[in-house]
$ cat structure_10.cif   # mmCIF, C-alpha atoms and all ligand atoms
data_run
#
loop_
_atom_site.label_atom_id
_atom_site.label_comp_id
_atom_site.auth_asym_id
_atom_site.auth_seq_id
_atom_site.Cartn_x
_atom_site.Cartn_y
_atom_site.Cartn_z
CA VAL I 1051 -1.85 6.83 18.00
CA PHE I 1052 -0.23 6.86 21.42
CA VAL I 1053 3.03 8.75 21.91
CA GLY I 1054 4.86 8.74 25.21
CA ALA I 1055 8.12 7.88 26.90
CA GLY I 1056 7.41 4.47 28.39
CA ALA I 1057 4.20 4.08 26.38
CA LEU I 1058 5.14 0.49 25.53
CA SER I 1059 4.35 -0.53 29.10
CA LEU I 1060 0.70 0.25 28.30
CA LEU I 1061 0.60 -2.18 25.41
CA PRO I 1062 -0.73 -5.29 27.18
CA ARG I 1063 -3.63 -3.31 28.59
CA LEU I 1064 -4.38 -1.48 25.33
CA LEU I 1065 -4.42 -4.72 23.38
CA ALA I 1066 -6.76 -6.29 25.90
CA ASP I 1067 -9.05 -3.26 25.83
CA MET I 1068 -9.21 -3.42 22.04
CA ASP I 1069 -9.78 -7.19 21.99
CA LEU I 1070 -6.52 -7.65 20.13
CA ALA I 1071 -4.71 -9.74 22.71
CA ASP I 1072 -5.72 -13.22 21.57
CA ALA I 1073 -3.06 -15.09 19.63
CA ALA I 1074 -1.25 -11.95 18.52
CA THR I 1075 1.90 -12.45 16.46
CA VAL I 1076 4.90 -10.16 16.88
CA VAL I 1077 7.08 -9.47 13.82
CA SER I 1078 10.47 -7.83 14.39
CA CYS I 1079 14.08 -7.95 13.20
CA PRO I 1080 17.18 -9.11 15.12
CA PRO I 1081 18.77 -5.71 15.93
CA VAL I 1082 15.53 -4.42 17.43
CA TRP I 1083 14.64 -7.65 19.16
CA GLN I 1084 18.06 -7.96 20.80
CA ARG I 1085 17.88 -4.48 22.20
CA HIS I 1086 14.23 -4.07 23.08
CA ALA I 1087 12.47 -7.42 23.47
CA ARG I 1088 12.12 -6.80 27.20
CA ARG I 1089 9.89 -3.81 26.51
CA LEU I 1090 7.21 -6.14 25.14
CA ARG I 1091 7.06 -8.22 28.30
CA GLY I 1092 3.49 -9.23 29.00
CA VAL I 1093 2.47 -8.78 25.36
CA PRO I 1094 0.84 -11.88 23.88
CA GLY I 1095 3.05 -13.42 21.22
CA ALA I 1096 6.22 -11.74 22.47
CA ARG I 1097 7.69 -15.07 23.60
CA SER I 1098 7.90 -16.40 20.07
CA PRO I 1099 8.34 -13.50 17.65
CA VAL I 1100 8.71 -13.93 13.91
CA LEU I 1101 12.10 -12.35 13.16
CA ILE I 1102 12.73 -11.21 9.60
CA PRO I 1103 16.19 -10.28 8.25
CA ASP I 1104 17.29 -6.70 8.81
CA GLY I 1105 17.35 -3.87 6.32
CA GLU I 1106 15.88 -2.70 3.03
CA ARG I 1107 17.02 -5.89 1.28
CA ALA I 1108 14.48 -7.83 3.33
CA LYS I 1109 11.59 -5.77 1.98
CA THR I 1110 10.54 -8.48 -0.47
CA LEU I 1111 7.67 -10.79 -1.31
CA ALA I 1112 9.82 -13.69 -0.11
CA THR I 1113 9.97 -12.17 3.38
CA VAL I 1114 6.20 -11.69 3.31
CA ALA I 1115 5.80 -15.34 2.29
CA GLY I 1116 7.92 -16.31 5.31
CA ILE I 1117 5.50 -14.43 7.55
CA TYR I 1118 2.52 -16.22 5.93
CA ASP I 1119 4.24 -19.54 6.68
CA ALA I 1120 4.69 -18.62 10.32
CA LEU I 1121 1.06 -17.48 10.60
CA LEU I 1122 -0.18 -20.70 9.02
CA ALA I 1123 2.04 -22.83 11.26
CA ARG I 1124 0.48 -21.05 14.25
CA ARG I 1125 -3.01 -21.55 12.79
CA THR I 1126 -3.61 -17.84 13.01
CA ASP I 1127 -7.15 -16.82 12.15
CA ARG I 1128 -8.58 -13.47 11.18
CA SER I 1129 -9.23 -12.33 14.76
CA ALA I 1130 -5.54 -12.33 15.67
CA ALA I 1131 -3.54 -9.14 15.48
CA LEU I 1132 -0.14 -8.72 13.90
CA LEU I 1133 2.27 -6.48 15.82
CA ALA I 1134 5.05 -4.84 13.78
CA PHE I 1135 7.95 -3.97 16.09
CA GLY I 1136 10.80 -2.26 14.25
CA GLY I 1137 11.71 0.42 11.73
CA GLY I 1138 9.99 1.27 8.48
CA VAL I 1139 11.09 -1.96 6.85
CA VAL I 1140 9.46 -4.16 9.50
CA GLY I 1141 6.37 -1.93 9.47
CA ASP I 1142 5.99 -2.06 5.68
CA VAL I 1143 6.64 -5.81 5.35
CA ALA I 1144 4.64 -6.96 8.36
CA GLY I 1145 1.96 -4.44 7.44
CA PHE I 1146 1.67 -5.92 3.97
CA ALA I 1147 1.47 -9.43 5.41
CA ALA I 1148 -1.30 -8.18 7.72
CA ALA I 1149 -3.12 -6.50 4.82
CA SER I 1150 -3.17 -9.64 2.72
CA TYR I 1151 -3.18 -12.71 4.98
CA LEU I 1152 -6.77 -14.01 5.05
CA ARG I 1153 -7.66 -10.69 3.37
CA GLY I 1154 -6.59 -8.74 6.39
CA LEU I 1155 -5.55 -9.02 10.03
CA PRO I 1156 -5.68 -6.12 12.49
CA LEU I 1157 -2.31 -4.39 12.49
CA VAL I 1158 -0.53 -2.78 15.44
CA GLN I 1159 2.44 -0.60 14.54
CA ILE I 1160 5.16 -0.25 17.17
CA PRO I 1161 7.76 1.85 15.35
CA THR I 1162 11.34 1.98 16.65
CA THR I 1163 13.09 4.49 14.37
CA VAL I 1164 12.46 8.22 14.13
CA LEU I 1165 11.40 7.78 10.52
CA ALA I 1166 8.95 5.03 11.39
CA GLN I 1167 7.52 6.89 14.41
CA VAL I 1168 6.87 10.15 12.58
CA ASP I 1169 6.12 8.80 9.14
CA SER I 1170 5.84 5.19 8.00
CA ALA I 1171 3.82 3.74 10.91
CA ILE I 1172 1.06 6.30 10.44
CA GLY I 1173 -0.97 6.56 7.27
CA GLY I 1174 -1.71 2.99 6.31
CA LYS I 1175 0.70 2.56 3.42
CA VAL I 1176 2.32 -0.87 3.52
CA GLY I 1177 4.22 -2.81 0.90
CA VAL I 1178 7.40 -4.28 -0.47
CA ASN I 1179 9.95 -3.71 -3.23
CA LEU I 1180 10.29 -5.67 -6.46
CA PRO I 1181 13.60 -6.17 -8.28
CA GLN I 1182 12.30 -3.51 -10.72
CA GLY I 1183 11.83 -0.82 -8.10
CA LYS I 1184 10.89 0.35 -4.63
CA ASN I 1185 7.43 0.02 -3.10
CA LEU I 1186 5.89 -1.37 -6.29
CA VAL I 1187 3.54 -3.75 -4.48
CA GLY I 1188 1.44 -2.71 -1.54
CA ALA I 1189 -1.84 -1.77 0.02
CA PHE I 1190 -3.56 0.77 2.19
CA HIS I 1191 -4.04 -1.00 5.50
CA PRO I 1192 -4.46 1.51 8.34
CA PRO I 1193 -3.23 0.26 11.71
CA ALA I 1194 -5.72 -0.41 14.47
CA LEU I 1195 -3.23 1.06 16.91
CA VAL I 1196 0.15 2.83 16.79
CA ILE I 1197 2.39 3.10 19.83
CA CYS I 1198 5.41 5.41 19.61
CA ASP I 1199 7.74 5.13 22.57
CA PRO I 1200 10.64 7.56 22.04
CA ALA I 1201 12.61 5.71 24.73
CA VAL I 1202 13.50 3.05 22.14
CA LEU I 1203 15.25 5.69 20.03
CA ALA I 1204 18.14 5.80 22.53
CA THR I 1205 19.81 2.86 20.79
CA LEU I 1206 19.59 4.24 17.24
CA SER I 1207 22.88 5.17 15.60
CA THR I 1208 23.48 8.89 15.20
CA ARG I 1209 23.16 8.55 11.45
CA GLU I 1210 19.79 6.78 11.61
CA PHE I 1211 18.56 9.23 14.20
CA ARG I 1212 19.64 12.25 12.17
CA SER I 1213 18.18 10.77 9.04
CA GLY I 1214 14.74 10.61 10.66
CA LEU I 1215 15.19 14.12 11.99
CA TYR I 1216 15.19 15.54 8.45
CA GLU I 1217 11.59 14.32 8.14
CA VAL I 1218 10.86 16.07 11.44
CA VAL I 1219 12.23 19.29 9.95
CA LYS I 1220 9.99 18.66 6.94
CA TYR I 1221 6.91 18.64 9.18
CA GLY I 1222 7.99 21.98 10.58
CA VAL I 1223 8.40 23.48 7.12
CA ILE I 1224 5.10 22.17 5.76
CA ALA I 1225 2.86 22.62 8.78
CA SER I 1226 4.31 24.23 11.89
CA ARG I 1227 6.70 27.07 12.42
CA PRO I 1228 6.67 26.45 16.22
CA LEU I 1229 7.81 22.86 15.60
CA PHE I 1230 10.55 24.10 13.27
CA ASP I 1231 11.77 26.56 15.91
CA GLN I 1232 11.53 23.97 18.66
CA VAL I 1233 13.81 21.62 16.69
CA ALA I 1234 16.25 24.42 15.85
CA ARG I 1235 16.48 25.57 19.47
CA ASN I 1236 16.88 22.09 20.96
CA LEU I 1237 19.12 20.29 18.51
CA ALA I 1238 21.70 19.19 21.08
CA ALA I 1239 19.05 17.86 23.48
CA LEU I 1240 17.36 16.01 20.63
CA PHE I 1241 20.60 14.32 19.57
CA ALA I 1242 21.18 13.43 23.23
CA ARG I 1243 17.72 11.72 23.08
CA ASP I 1244 16.52 13.84 25.99
CA LEU I 1245 13.01 12.46 26.33
CA ALA I 1246 11.60 15.68 27.73
CA VAL I 1247 12.44 17.38 24.42
CA LEU I 1248 12.16 14.45 22.05
CA THR I 1249 8.72 13.23 23.10
CA PRO I 1250 6.74 16.39 22.32
CA VAL I 1251 8.60 16.77 19.01
CA ILE I 1252 7.69 13.22 17.94
CA ALA I 1253 4.12 13.76 19.12
CA ALA I 1254 3.82 16.97 17.10
CA CYS I 1255 4.95 15.16 13.95
CA CYS I 1256 2.55 12.26 14.54
CA ALA I 1257 -0.30 14.75 14.98
CA ILE I 1258 0.55 16.47 11.69
CA LYS I 1259 0.83 13.23 9.75
CA ALA I 1260 -2.36 11.80 11.26
CA ASP I 1261 -4.23 15.00 10.51
CA VAL I 1262 -3.06 15.16 6.90
CA VAL I 1263 -3.75 11.48 6.28
CA GLY I 1264 -7.11 11.69 8.01
CA ARG I 1265 -8.14 14.35 5.52
CA ASP I 1266 -6.69 12.59 2.50
CA GLU I 1267 -6.06 8.89 2.86
CA ARG I 1268 -5.38 8.14 -0.81
CA GLU I 1269 -3.18 11.11 -1.67
CA ALA I 1270 -5.51 13.19 -3.79
CA GLY I 1271 -4.75 16.56 -2.18
CA PRO I 1272 -3.38 17.57 1.22
CA ARG I 1273 -1.29 14.42 1.57
CA ARG I 1274 0.90 15.65 -1.27
CA ALA I 1275 2.39 18.31 1.00
CA LEU I 1276 4.18 15.46 2.79
CA ASN I 1277 6.30 15.16 -0.34
CA PHE I 1278 8.12 18.44 0.34
CA GLY I 1279 11.77 17.85 -0.58
CA HIS I 1280 10.93 14.46 -2.06
CA THR I 1281 10.93 15.22 -5.81
CA ILE I 1282 14.65 15.99 -5.87
CA GLY I 1283 15.35 13.76 -2.84
CA HIS I 1284 13.95 10.70 -4.61
CA ALA I 1285 15.97 11.58 -7.72
CA LEU I 1286 19.17 11.73 -5.64
CA GLU I 1287 18.40 8.32 -4.14
CA ALA I 1288 17.66 6.83 -7.56
CA ILE I 1289 20.76 8.16 -9.35
CA THR I 1290 22.97 6.80 -6.56
CA ARG I 1291 21.07 3.48 -6.64
CA TYR I 1292 19.88 3.83 -3.07
CA ARG I 1293 23.42 3.29 -1.80
CA ARG I 1294 24.74 6.68 -0.86
CA PHE I 1295 21.97 8.32 1.14
CA ARG I 1296 19.71 7.25 3.92
CA HIS I 1297 16.26 8.35 2.78
CA GLY I 1298 16.13 11.32 5.15
CA GLU I 1299 19.56 12.54 3.99
CA ALA I 1300 18.36 12.74 0.41
CA ILE I 1301 15.33 14.64 1.70
CA GLY I 1302 17.67 17.03 3.51
CA TRP I 1303 19.20 17.99 0.14
CA GLY I 1304 15.79 17.90 -1.52
CA MET I 1305 14.38 20.38 1.00
CA LEU I 1306 17.26 22.79 0.40
CA ALA I 1307 16.60 22.63 -3.33
CA ALA I 1308 12.82 22.99 -2.89
CA ALA I 1309 13.40 25.96 -0.62
CA ARG I 1310 15.50 27.56 -3.36
CA VAL I 1311 12.69 27.17 -5.91
CA SER I 1312 10.26 28.59 -3.32
CA ALA I 1313 12.53 31.57 -2.68
CA MET I 1314 13.01 32.21 -6.41
CA ARG I 1315 9.23 32.30 -6.73
CA GLY I 1316 9.02 34.84 -3.91
CA LEU I 1317 7.04 32.44 -1.72
CA LEU I 1318 9.75 31.92 0.87
CA ARG I 1319 11.62 34.84 2.35
CA ILE I 1320 15.39 34.72 2.01
CA GLU I 1321 15.72 34.85 5.82
CA ASP I 1322 13.53 31.78 6.13
CA GLU I 1323 15.47 29.94 3.46
CA ALA I 1324 18.61 30.83 5.43
CA ARG I 1325 17.00 29.46 8.61
CA LEU I 1326 16.37 26.14 6.93
CA GLN I 1327 19.92 26.09 5.56
CA ALA I 1328 21.33 26.87 9.01
CA LEU I 1329 19.26 24.16 10.70
CA ILE I 1330 20.24 21.51 8.17
CA ALA I 1331 23.89 22.54 8.44
CA ALA I 1332 23.73 22.37 12.24
CA MET I 1333 22.36 18.82 12.11
CA GLY I 1334 25.59 17.50 10.60
CA ARG I 1335 27.20 16.69 7.32
CA LEU I 1336 25.13 15.27 4.46
CA PRO I 1337 26.71 12.81 2.01
CA PRO I 1338 28.08 14.78 -0.96
CA VAL I 1339 26.18 15.74 -4.12
CA SER I 1340 28.96 17.69 -5.85
CA ASP I 1341 29.80 14.76 -8.14
CA LEU I 1342 26.16 14.20 -9.18
CA ARG I 1343 24.81 15.56 -12.45
CA VAL I 1344 21.74 17.76 -12.71
CA GLY I 1345 20.87 16.07 -16.02
CA ASP I 1346 20.80 12.62 -14.43
CA ALA I 1347 18.53 13.86 -11.66
CA LEU I 1348 16.21 15.52 -14.20
CA GLY I 1349 16.03 12.18 -16.00
CA ALA I 1350 15.01 10.45 -12.79
CA ILE I 1351 12.40 13.13 -12.08
CA ARG I 1352 10.95 12.72 -15.59
CA HIS I 1353 10.82 8.99 -15.07
CA ASP I 1354 8.91 9.48 -11.78
CA LYS I 1355 6.58 11.85 -13.56
CA LYS I 1356 5.80 9.26 -16.22
CA VAL I 1357 5.01 6.74 -13.52
CA SER I 1358 2.54 9.18 -11.97
CA ARG I 1359 0.85 9.80 -15.37
CA GLY I 1360 2.49 12.98 -16.49
CA ARG I 1361 2.00 15.46 -13.67
CA LEU I 1362 4.75 16.72 -11.48
CA HIS I 1363 3.24 18.15 -8.33
CA PHE I 1364 6.11 20.06 -6.82
CA VAL I 1365 5.67 21.12 -3.20
CA LEU I 1366 6.78 24.70 -2.52
CA ALA I 1367 7.27 26.27 0.90
CA ASN I 1368 4.94 29.21 1.30
CA GLY I 1369 6.84 30.58 4.29
CA ILE I 1370 7.79 28.19 7.08
CA GLY I 1371 4.67 26.27 8.09
CA ARG I 1372 2.68 26.35 4.84
CA THR I 1373 2.92 24.88 1.38
CA THR I 1374 1.68 25.45 -2.14
CA ILE I 1375 1.71 22.91 -4.94
CA ASP I 1376 2.54 23.88 -8.48
CA GLU I 1377 4.22 22.70 -11.63
CA VAL I 1378 7.86 23.72 -11.92
CA SER I 1379 10.03 24.11 -15.00
CA GLY I 1380 13.20 22.27 -15.85
CA ARG I 1381 15.02 25.58 -15.56
CA GLU I 1382 13.84 26.09 -12.00
CA LEU I 1383 14.82 22.54 -11.03
CA THR I 1384 18.20 23.03 -12.66
CA ALA I 1385 18.85 26.28 -10.82
CA ALA I 1386 17.82 24.69 -7.52
CA MET I 1387 20.09 21.69 -8.01
CA ARG I 1388 22.96 23.93 -9.03
CA SER I 1389 22.40 25.89 -5.82
CA ILE I 1390 23.00 22.80 -3.68
CA GLY I 1391 26.24 22.19 -5.53
CA MET I 1392 25.39 19.58 -8.16
CA ARG I 1393 27.31 19.53 -11.47
CA LEU I 1394 25.89 20.77 -14.73
CA THR I 1395 27.91 18.29 -16.82
N1 LIG S 1 4.75 3.19 4.65
C1 LIG S 1 5.10 4.44 4.55
O1 LIG S 1 4.27 5.35 4.52
C2 LIG S 1 6.55 4.78 4.52
C3 LIG S 1 6.96 6.10 4.67
C4 LIG S 1 8.33 6.37 4.68
C5 LIG S 1 9.24 5.33 4.56
N2 LIG S 1 8.80 4.06 4.41
C6 LIG S 1 9.75 2.95 4.29
O2 LIG S 1 10.48 2.84 5.51
C7 LIG S 1 11.71 2.18 5.23
C8 LIG S 1 12.83 2.86 5.98
O3 LIG S 1 12.56 2.80 7.37
P1 LIG S 1 13.71 3.06 8.44
O4 LIG S 1 14.44 4.27 8.09
O5 LIG S 1 13.06 2.94 9.76
O6 LIG S 1 14.74 1.87 8.14
P2 LIG S 1 14.91 0.39 8.77
O7 LIG S 1 13.62 -0.20 9.13
O8 LIG S 1 15.78 -0.34 7.83
O9 LIG S 1 15.73 0.69 10.12
C9 LIG S 1 17.02 1.23 10.02
C10 LIG S 1 18.02 0.42 10.85
O10 LIG S 1 17.82 0.73 12.23
C11 LIG S 1 17.70 -0.47 12.99
N3 LIG S 1 16.84 -0.17 14.14
C12 LIG S 1 15.50 0.02 14.16
N4 LIG S 1 15.10 0.43 15.38
C13 LIG S 1 16.22 0.50 16.14
C14 LIG S 1 16.46 0.88 17.48
N5 LIG S 1 15.46 1.32 18.27
N6 LIG S 1 17.72 0.84 17.94
C15 LIG S 1 18.73 0.43 17.14
N7 LIG S 1 18.58 0.09 15.86
C16 LIG S 1 17.32 0.11 15.36
C17 LIG S 1 17.12 -1.45 12.02
O11 LIG S 1 17.36 -2.77 12.44
C18 LIG S 1 17.86 -1.08 10.73
O12 LIG S 1 19.13 -1.66 10.70
C19 LIG S 1 11.90 2.21 3.72
O13 LIG S 1 11.70 0.93 3.20
C20 LIG S 1 10.81 3.14 3.25
O14 LIG S 1 10.32 2.81 1.95
C21 LIG S 1 7.49 3.77 4.39
ZN ZN S 2 10.24 10.69 3.24
#
$ encode --input "structure_10.cif" --output "structure tokens"
Amino acid sequence: VFVGAGALSLLPRLLADMDLADAATVVSCPPVWQRHARRLRGVPGARSPVLIPDGERAKTLATVAGIYDALLARRTDRSAALLAFGGGVVGDVAGFAAASYLRGLPLVQIPTTVLAQVDSAIGGKVGVNLPQGKNLVGAFHPPALVICDPAVLATLSTREFRSGLYEVVKYGVIASRPLFDQVARNLAALFARDLAVLTPVIAACCAIKADVVGRDEREAGPRRALNFGHTIGHALEAITRYRRFRHGEAIGWGMLAAARVSAMRGLLRIEDEARLQALIAAMGRLPPVSDLRVGDALGAIRHDKKVSRGRLHFVLANGIGRTTIDEVSGRELTAAMRSIGMRLT
């Protein structure tokens, strides 16, 4: 994983060094390609990219089939790399095409959103949605190479940028108090996309994710800590049918609720809970939850639990920078969701 402002200019050489330059295919989406195509100058395959439609709605088997068609039309064989240049959607879809076409092509992830740089491009999970639900089909297909160039984040909307930043805060809470403090101290510079501040923050997150995944590729243990804020966050996304929140925004609320449970258990000091609350408040306004019912969210959490064969591994903050995993009761979840302002009935 390479992280650096301007790192994309190294890509032609890195691909050549890794023997990945021959007949590479670039997959991207129009908004990214319009803004950043020039950054892939000199990269094999960049003259004729495969562009997939933008957004979560394109994360389908039909889009994957379109990529297979393009690969077949180009007579791509197993030695050719697939380069995914875009946000998490492009990474997941192109990654799944790479995992499955001819039983696997080498994959290069070139993430262009905060979320993709710190999370989805690293770790090897790729896949698509089915009409029945999100990420129901997929594979573990670790990338041969990941290049994160924070310079591309300059063109992200404030909302997309902020949304990814909640995951950055998550890394601070689960693994690094210094990272948490660094984000809190430099919020304005981060939002201004000041590369001197942004680059080390992105790099710190990539290091945490790569370390966790390196110890636990298939999510048996340490990888679960990455789900801090996600039990309630996923429930909020589900009960609003994925329309109200960007993923990170739901995680922002989910972290506040998880911090409450952690504080009630005496694991997280009240001052540290207040620090997290202050940081999330300083980042900007989250879409509302005051009209959402605790009972509906509990239903969604139970449904998730069934899908994962009956165990709810709830991630608790054990101070800022460490986690503990435990079962939690419905009463604790209820109190936590009440504390973020959700309705009881
Ligand atoms: N594989 C994993 O481990 C993993 C982890 C977390 C999330 N995900 C998946 O990631 C997806 C979400 O990713 P996302 O948040 O990056 O969304 P996204 O890929 O939809 O990108 C968000 C928007 O930003 C635009 N965009 C991307 N880069 C840009 C840039 N540099 N400048 C301007 N606009 C740009 C995109 O075109 C899109 O409209 C979800 O499908 C989620 O399931 C996967
Ligand atoms: Zn997440």
$ residues_near_ligand --input "structure_10.cif" --ligand "ligand LIG 1 (chain S)" --cutoff "6 Å" --atoms "only C-alpha atoms and all ligand atoms" --output "JSON list (two decimals) with C-alpha atoms, in the coordinates of the input"
[["chain", "number", "residue", "atom", "x", "y", "z"],
["I", 1081, "PRO", "CA", 18.77, -5.71, 15.93],
["I", 1082, "VAL", "CA", 15.53, -4.42, 17.43],
["I", 1104, "ASP", "CA", 17.29, -6.70, 8.81],
["I", 1105, "GLY", "CA", 17.35, -3.87, 6.32],
["I", 1106, "GLU", "CA", 15.88, -2.70, 3.03],
["I", 1136, "GLY", "CA", 10.80, -2.26, 14.25],
["I", 1137, "GLY", "CA", 11.71, 0.42, 11.73],
["I", 1138, "GLY", "CA", 9.99, 1.27, 8.48],
["I", 1139, "VAL", "CA", 11.09, -1.96, 6.85],
["I", 1140, "VAL", "CA", 9.46, -4.16, 9.50],
["I", 1142, "ASP", "CA", 5.99, -2.06, 5.68],
["I", 1162, "THR", "CA", 11.34, 1.98, 16.65],
["I", 1163, "THR", "CA", 13.09, 4.49, 14.37],
["I", 1165, "LEU", "CA", 11.40, 7.78, 10.52],
["I", 1166, "ALA", "CA", 8.95, 5.03, 11.39],
["I", 1169, "ASP", "CA", 6.12, 8.80, 9.14],
["I", 1170, "SER", "CA", 5.84, 5.19, 8.00],
["I", 1175, "LYS", "CA", 0.70, 2.56, 3.42],
["I", 1176, "VAL", "CA", 2.32, -0.87, 3.52],
["I", 1202, "VAL", "CA", 13.50, 3.05, 22.14],
["I", 1203, "LEU", "CA", 15.25, 5.69, 20.03],
["I", 1205, "THR", "CA", 19.81, 2.86, 20.79],
["I", 1206, "LEU", "CA", 19.59, 4.24, 17.24]]
$ residues_near_ligand --input "structure_10.cif" --ligand "ligand ZN 2 (chain S)" --cutoff "8 Å" --atoms "only C-alpha atoms and all ligand atoms" --output "ChimeraX atom specification"
/I:1165,1169,1217,1276-1277,1280,1297-1298,1301
$ atom_distance --input "structure_10.cif" --atom1 "CA of Gly1092 in chain I" --atom2 "CA of Ser1059 in chain I"
8.7 Å
$ axis_aligned_box --input "structure_10.cif" --around "range 1098-1102 of chain I" --padding-each-side "5 Å" --output "AutoDock Vina command-line options"
--center_x 10.3 --center_y -13.8 --center_z 14.8 --size_x 14.8 --size_y 15.2 --size_z 20.5
$ atom_distance --input "structure_10.cif" --atom1 "CA of Ile1375 in chain I" --atom2 "CA of Ser1312 in chain I"
10.4 Å
$ closest_residue --input "structure_10.cif" --among "I:Gln1167, I:Ser1129, I:Ser1379, I:Ser1150" --to "Val1187 in chain I" --atoms "only C-alpha atoms"
I:Ser1150
$ closest_residue --input "structure_10.cif" --among "I:Leu1111, I:Ala1242, I:Val1263, I:Ile1330" --to "Asn1185 in chain I" --atoms "all atoms listed in the file"
I:Leu1111
$ atom_distance --input "structure_10.cif" --atom1 "CA of Ala1171 in chain I" --atom2 "CA of Gly1145 in chain I"
9.1 Å
$ residues_around --input "structure_10.cif" --residues "Glu1299 in chain I" --least-positions-apart "3" --cutoff "8 Å" --atoms "all atoms listed in the file" --output "list of chain:residue names"
I:Ser1213, I:Tyr1216, I:Phe1295, I:Arg1296, I:Gly1302, I:Trp1303, I:Leu1336, I:Pro1337
$ residues_around --input "structure_10.cif" --residues "Pro1193 in chain I" --least-positions-apart "4" --cutoff "8 Å" --atoms "all atoms listed in the file" --output "VMD selection string"
chain I and resid 1156 to 1159 1171 to 1172 1174
$ closest_residue --input "structure_10.cif" --among "I:Lys1220, I:Arg1125, I:Arg1372, I:Lys1109" --to "Val1178 in chain I" --atoms "only C-alpha atoms"
I:Lys1109
$ closest_residue --input "structure_10.cif" --among "I:Thr1208, I:Leu1317, I:Arg1274, I:Leu1326" --to "Leu1362 in chain I" --atoms "all atoms listed in the file"
I:Arg1274
$ residues_around --input "structure_10.cif" --residues "Gly1391 in chain I" --least-positions-apart "6" --cutoff "9 Å" --atoms "only C-alpha atoms" --output "ChimeraX atom specification"
/I:1338-1342
$ closest_residue --input "structure_10.cif" --among "I:Gly1188, I:Pro1181, I:Gly1222, I:Gly1279" --to "Ala1257 in chain I" --atoms "all atoms listed in the file"
I:Gly1222
$ closest_residue --input "structure_10.cif" --among "I:Arg1273, I:Arg1393, I:Arg1291, I:Lys1184" --to "His1363 in chain I" --atoms "only C-alpha atoms"
I:Arg1273
$ residues_around --input "structure_10.cif" --residues "Ala1386 in chain I" --least-positions-apart "2" --cutoff "6 Å" --atoms "all atoms listed in the file" --output "PyMOL selection string"
chain I and resi 1307+1310-1311+1383-1384+1388-1389
$ residues_around --input "structure_10.cif" --residues "Thr1075 in chain I" --least-positions-apart "2" --cutoff "8 Å" --atoms "only C-alpha atoms" --output "list in words"
Ala1073, Val1077, Pro1094, Gly1095, Ala1096, Pro1099, Val1100, Leu1121, Ala1130, Ala1131, Leu1132 and Leu1133 of chain I
$ write_last_selection --input "structure_10.cif" --atoms "C-alpha atoms" --output "mmCIF file, keeping the file's coordinate frame"
data_model
loop_
_atom_site.group_PDB
_atom_site.id
_atom_site.type_symbol
_atom_site.label_atom_id
_atom_site.label_comp_id
_atom_site.auth_asym_id
_atom_site.auth_seq_id
_atom_site.Cartn_x
_atom_site.Cartn_y
_atom_site.Cartn_z
ATOM 1 C CA ALA I 1073 -3.060 -15.090 19.630
ATOM 2 C CA VAL I 1077 7.080 -9.470 13.820
ATOM 3 C CA PRO I 1094 0.840 -11.880 23.880
ATOM 4 C CA GLY I 1095 3.050 -13.420 21.220
ATOM 5 C CA ALA I 1096 6.220 -11.740 22.470
ATOM 6 C CA PRO I 1099 8.340 -13.500 17.650
ATOM 7 C CA VAL I 1100 8.710 -13.930 13.910
ATOM 8 C CA LEU I 1121 1.060 -17.480 10.600
ATOM 9 C CA ALA I 1130 -5.540 -12.330 15.670
ATOM 10 C CA ALA I 1131 -3.540 -9.140 15.480
ATOM 11 C CA LEU I 1132 -0.140 -8.720 13.900
ATOM 12 C CA LEU I 1133 2.270 -6.480 15.820
#
